[in-house]
Each structure stands twice: as C-alpha cells, then as structure tokens.
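Raw my_file-v4.cif, mmCIF, C-alpha atoms:
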```cif
data_protein
loop_
_atom_site.group_PDB
_atom_site.id
_atom_site.type_symbol
_atom_site.label_atom_id
_atom_site.label_comp_id
_atom_site.auth_asym_id
_atom_site.auth_seq_id
_atom_site.Cartn_x
_atom_site.Cartn_y
_atom_site.Cartn_z
ATOM 1 C CA MET A 1 -13.354 193.646 20.164
ATOM 2 C CA ALA A 2 -16.526 193.545 18.069
ATOM 3 C CA GLU A 3 -15.216 190.417 16.348
ATOM 4 C CA SER A 4 -14.777 188.528 19.628
ATOM 5 C CA GLY A 5 -18.211 189.722 20.828
ATOM 6 C CA ALA A 6 -19.818 188.384 17.654
ATOM 7 C CA GLN A 7 -18.286 184.950 18.185
ATOM 8 C CA GLU A 8 -19.690 184.206 21.666
ATOM 9 C CA ALA A 9 -22.457 185.370 23.935
ATOM 10 C CA ARG A 10 -21.242 187.858 26.515
ATOM 11 C CA ALA A 11 -22.810 189.468 29.523
ATOM 12 C CA THR A 12 -23.307 193.224 29.672
ATOM 13 C CA GLN A 13 -23.571 195.435 32.719
ATOM 14 C CA GLU A 14 -27.395 195.688 32.688
ATOM 15 C CA GLY A 15 -27.876 191.938 33.113
ATOM 16 C CA SER A 16 -28.477 191.379 29.423
ATOM 17 C CA ILE A 17 -26.472 189.224 27.049
ATOM 18 C CA ASP A 18 -25.330 189.718 23.458
ATOM 19 C CA LEU A 19 -25.921 186.825 21.076
ATOM 20 C CA PRO A 20 -24.396 186.434 17.619
ATOM 21 C CA ALA A 21 -26.842 186.084 14.747
ATOM 22 C CA SER A 22 -27.034 186.636 11.008
ATOM 23 C CA LEU A 23 -29.296 188.640 8.729
ATOM 24 C CA SER A 24 -30.153 187.215 5.337
ATOM 25 C CA VAL A 25 -32.199 188.249 2.335
ATOM 26 C CA PHE A 26 -32.657 186.557 -1.019
ATOM 27 C CA GLY A 27 -29.855 187.431 -3.431
ATOM 28 C CA ALA A 28 -27.341 188.749 -0.872
ATOM 29 C CA GLU A 29 -24.744 187.171 1.361
ATOM 30 C CA PRO A 30 -25.792 186.956 5.042
ATOM 31 C CA SER A 31 -24.248 189.531 7.363
ATOM 32 C CA PRO A 32 -23.372 188.971 11.039
ATOM 33 C CA ILE A 33 -25.263 191.025 13.627
ATOM 34 C CA LEU A 34 -25.522 191.264 17.387
ATOM 35 C CA VAL A 35 -28.790 190.656 19.295
ATOM 36 C CA THR A 36 -29.009 191.979 22.855
ATOM 37 C CA VAL A 37 -31.338 189.914 25.026
ATOM 38 C CA THR A 38 -32.644 190.980 28.425
ATOM 39 C CA ARG A 39 -34.279 188.878 31.093
ATOM 40 C CA PRO A 40 -36.899 191.132 32.667
ATOM 41 C CA SER A 41 -37.740 190.804 36.331
ATOM 42 C CA PRO A 42 -41.169 189.441 37.284
ATOM 43 C CA GLY A 43 -42.355 192.976 38.025
ATOM 44 C CA LYS A 44 -41.336 194.237 34.588
ATOM 45 C CA ARG A 45 -42.955 191.215 32.940
ATOM 46 C CA LEU A 46 -46.174 191.926 34.852
ATOM 47 C CA ALA A 47 -46.082 195.593 33.789
ATOM 48 C CA ARG A 48 -45.533 194.600 30.157
ATOM 49 C CA ALA A 49 -48.394 192.078 30.375
ATOM 50 C CA ALA A 50 -50.719 194.683 31.889
ATOM 51 C CA ARG A 51 -49.807 197.173 29.167
ATOM 52 C CA GLY A 52 -50.448 194.590 26.421
ATOM 53 C CA ALA A 53 -53.792 193.562 27.892
ATOM 54 C CA GLY A 54 -54.773 197.163 28.607
ATOM 55 C CA ILE A 55 -54.482 198.132 24.944
ATOM 56 C CA PHE A 56 -56.987 195.472 23.912
ATOM 57 C CA TRP A 57 -59.281 196.298 26.823
ATOM 58 C CA ALA A 58 -59.263 199.984 25.865
ATOM 59 C CA VAL A 59 -60.327 199.045 22.332
ATOM 60 C CA ALA A 60 -63.051 196.804 23.823
ATOM 61 C CA ALA A 61 -64.297 199.749 25.886
ATOM 62 C CA GLY A 62 -64.499 201.858 22.731
ATOM 63 C CA CYS A 63 -66.431 199.137 20.907
ATOM 64 C CA VAL A 64 -69.216 199.269 23.504
ATOM 65 C CA PHE A 65 -70.691 202.218 21.605
ATOM 66 C CA LEU A 66 -70.957 200.385 18.249
ATOM 67 C CA PRO A 67 -74.549 199.186 17.883
ATOM 68 C CA GLY A 68 -74.829 195.539 16.927
ATOM 69 C CA LEU A 69 -71.080 195.011 16.549
ATOM 70 C CA HIS A 70 -70.486 195.323 20.266
ATOM 71 C CA PHE A 71 -71.948 191.844 20.806
ATOM 72 C CA VAL A 72 -68.984 190.363 18.931
ATOM 73 C CA LEU A 73 -66.197 192.937 19.279
ATOM 74 C CA VAL A 74 -66.259 193.524 23.031
ATOM 75 C CA PRO A 75 -65.913 189.840 24.050
ATOM 76 C CA THR A 76 -63.334 189.285 21.309
ATOM 77 C CA PHE A 77 -61.109 192.155 22.436
ATOM 78 C CA LEU A 78 -61.523 191.233 26.108
ATOM 79 C CA LEU A 79 -60.380 187.686 25.330
ATOM 80 C CA ALA A 80 -57.553 188.952 23.094
ATOM 81 C CA GLY A 81 -56.383 191.147 25.984
ATOM 82 C CA VAL A 82 -56.189 188.154 28.307
ATOM 83 C CA VAL A 83 -54.261 186.152 25.690
ATOM 84 C CA ALA A 84 -51.861 189.037 24.970
ATOM 85 C CA GLY A 85 -51.268 189.567 28.685
ATOM 86 C CA MET A 86 -50.530 185.884 29.269
ATOM 87 C CA ARG A 87 -48.117 185.795 26.312
ATOM 88 C CA HIS A 88 -46.195 188.799 27.644
ATOM 89 C CA LEU A 89 -46.191 187.346 31.145
ATOM 90 C CA ARG A 90 -44.493 184.183 29.863
ATOM 91 C CA ASP A 91 -41.721 186.088 28.000
ATOM 92 C CA THR A 92 -38.597 185.303 29.998
ATOM 93 C CA GLU A 93 -36.194 186.561 27.304
ATOM 94 C CA VAL A 94 -36.906 189.698 25.276
ATOM 95 C CA THR A 95 -34.754 191.245 22.537
ATOM 96 C CA SER A 96 -33.838 194.765 23.543
ATOM 97 C CA ARG A 97 -31.489 195.635 20.653
ATOM 98 C CA VAL A 98 -30.651 194.292 17.210
ATOM 99 C CA HIS A 99 -27.599 195.975 15.682
ATOM 100 C CA GLY A 100 -25.828 195.161 12.450
ATOM 101 C CA VAL A 101 -25.454 195.745 8.736
ATOM 102 C CA CYS A 102 -28.257 195.137 6.259
ATOM 103 C CA PRO A 103 -27.063 192.526 3.744
ATOM 104 C CA ARG A 104 -28.926 194.260 0.882
ATOM 105 C CA CYS A 105 -28.054 197.963 1.280
ATOM 106 C CA GLY A 106 -24.987 197.701 3.547
ATOM 107 C CA HIS A 107 -26.273 200.343 5.992
ATOM 108 C CA GLU A 108 -25.249 199.801 9.641
ATOM 109 C CA GLN A 109 -28.194 200.441 11.945
ATOM 110 C CA ASP A 110 -30.342 199.383 14.877
ATOM 111 C CA PHE A 111 -33.334 197.321 13.793
ATOM 112 C CA ALA A 112 -36.707 197.127 15.542
ATOM 113 C CA ALA A 113 -36.537 195.039 18.717
ATOM 114 C CA GLY A 114 -38.867 194.110 21.528
ATOM 115 C CA ASN A 115 -40.093 190.700 20.458
ATOM 116 C CA ARG A 116 -39.744 187.490 22.352
ATOM 117 C CA LEU A 117 -36.545 185.574 21.656
ATOM 118 C CA THR A 118 -37.018 182.878 19.003
ATOM 119 C CA PRO A 119 -34.435 181.146 16.780
ATOM 120 C CA THR A 120 -35.696 182.937 13.635
ATOM 121 C CA TRP A 121 -37.854 185.964 12.889
ATOM 122 C CA SER A 122 -38.414 188.618 10.228
ATOM 123 C CA LEU A 123 -37.186 192.212 10.347
ATOM 124 C CA ASP A 124 -37.723 195.167 8.049
ATOM 125 C CA CYS A 125 -34.841 197.369 6.941
ATOM 126 C CA PRO A 126 -35.916 201.016 7.291
ATOM 127 C CA THR A 127 -33.338 202.079 4.671
ATOM 128 C CA CYS A 128 -34.002 199.735 1.720
ATOM 129 C CA HIS A 129 -37.443 198.428 2.865
ATOM 130 C CA ASN A 130 -36.557 194.751 2.388
ATOM 131 C CA THR A 131 -37.832 191.987 4.630
ATOM 132 C CA LEU A 132 -34.815 190.353 6.272
ATOM 133 C CA THR A 133 -34.599 187.042 8.106
ATOM 134 C CA LEU A 134 -32.742 187.059 11.416
ATOM 135 C CA THR A 135 -31.320 183.706 12.484
ATOM 136 C CA LEU A 136 -29.568 183.132 15.810
ATOM 137 C CA SER A 137 -26.414 181.042 15.755
ATOM 138 C CA PRO A 138 -27.326 177.331 16.037
ATOM 139 C CA LYS A 139 -25.602 176.673 19.377
ATOM 140 C CA LYS A 140 -27.327 179.650 21.058
ATOM 141 C CA ALA A 141 -30.731 179.021 19.459
ATOM 142 C CA ALA A 142 -30.838 175.505 20.929
ATOM 143 C CA ALA A 143 -30.193 176.860 24.446
#
```
Rewrite the coordinates I just gave you, this time as structure tokens.
Amino acid sequence: MAESGAQEARATQEGSIDLPASLSVFGAEPSPILVTVTRPSPGKRLARAARGAGIFWAVAAGCVFLPGLHFVLVPTFLLAGVVAGMRHLRDTEVTSRVHGVCPRCGHEQDFAAGNRLTPTWSLDCPTCHNTLTLTLSPKKAAA
C-alpha cells in the first residue's frame, strides 16, 4: 500500500493530501519519501499570520529599552512582523509531515515540516546531520 501511495497523490481523512517526492544528497542515491500537505482554513491562516507577526512585534517591544539602537531596531522588527504575517497569510498549502528514509544514513524518520509548499527545499537529517534536498515529483510540483 505504501508503494501505491508513493506513486500518486492521495487524499487523507483530515483534508490533507500526500505527495510523492525524493530526498537527495551528494554521493548517495535519492530515496522516495512522502510529503503530507494541508490546506489550512482562512481562520487557521490568520492565526498563523498573527503568531508570526506577534513574535517580531514582541522582539520590537523588547528593543524599546535599548538606548540608541531602538531607533533602528523597533521600526525594523515592526516592519518584519508585517512582512512575516503577510507571508503566512498567503500560504494556501503548508507541509504538515515529511516522512521517509535518509539517503545517506538509511534511517526512516519524520523530518521537520511546517514550511510553505515549494517544488524544492532543504532539510536536515537529525541522525547523520547532512543537508538533504527534497524535490517534489515533477507532475505535482507544476500543479
């Protein structure tokens, strides 16, 4: 069943879909993995955007007490909070799970997820500490 799931995208019960992808690292053969993608509701996207902006705004509030530096840091972090919030608000597809085998060490595991869905991005293997490249299958990346 895992073989057929790795060949095509399939819907899960939570409203998310599983996409086939591959992990590669220099000097090792790429290994197939499964990327679970969720489409958050507008309310969840707004909550994620508020959380992302709130982190920067909290740092800006702390920078108020730095003499001299507050003239630069506070406006910078306030603007960065707005940008981070807008980026999270636009995320219509978010990776919720990346599961597979590391091509270098061969350890099956869940990798760090939570980024916006793009055709290619970098992951770190917590077991062998290599930087891996995740690539979605070409037909799904174009969609």
Considering all atoms listed in the file, give me a table of residues in region 105-136 of chain A that are at most 9 Å from region 28-37 of chain A, with the closest atom pair and distance in Å for each, as JSON lines.
```
{"residue": "A:Ala113", "atom": "CA", "partner": "A:Val35", "partner_atom": "CA", "distance": 8.9}
{"residue": "A:Leu117", "atom": "CA", "partner": "A:Val37", "partner_atom": "CA", "distance": 7.6}
{"residue": "A:Leu134", "atom": "CA", "partner": "A:Ile33", "partner_atom": "CA", "distance": 8.7}
{"residue": "A:Leu136", "atom": "CA", "partner": "A:Val35", "partner_atom": "CA", "distance": 8.3}
```
Mind writing the picked residues with C-alpha atoms as a PDB file, keeping the file's coordinate frame?
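again-v4.pdb, freshly written:
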```pdb
ATOM      1  CA  ALA A 113     -36.537 195.039  18.717  1.00  0.00           C
ATOM      2  CA  LEU A 117     -36.545 185.574  21.656  1.00  0.00           C
ATOM      3  CA  LEU A 134     -32.742 187.059  11.416  1.00  0.00           C
ATOM      4  CA  LEU A 136     -29.568 183.132  15.810  1.00  0.00           C
TER       5      LEU A 136
END
```
For this session: Expand the PyMOL selection byres ((chain A and resi 52) around 8) into the individual residues it matches in the shown file, reporting them as an NGL selection string.
Result: :A and (48-51 or 53-56 or 81 or 84-85 or 88)
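Among the candidates A:Thr131, A:Ser22, A:Gly27, A:Gly62, the residue lying nearest to Pro119 (chain A) is A:Ser22 (atoms considered: all atoms listed in the file).
Shell of Asn130 (chain A) at 10 Å, with all atoms listed in the file counted and residues fewer than 2 places along the chain excluded, is A:Val25, A:Phe26, A:Cys102, A:Pro103, A:Arg104, A:Cys105, A:Leu123, A:Asp124, A:Cys125, A:Pro126, A:Thr127, A:Cys128, A:Leu132, A:Thr133.
Here CA of Gly100 (chain A) stands at a distance of 12.7 Å from CA of Thr135 (chain A).
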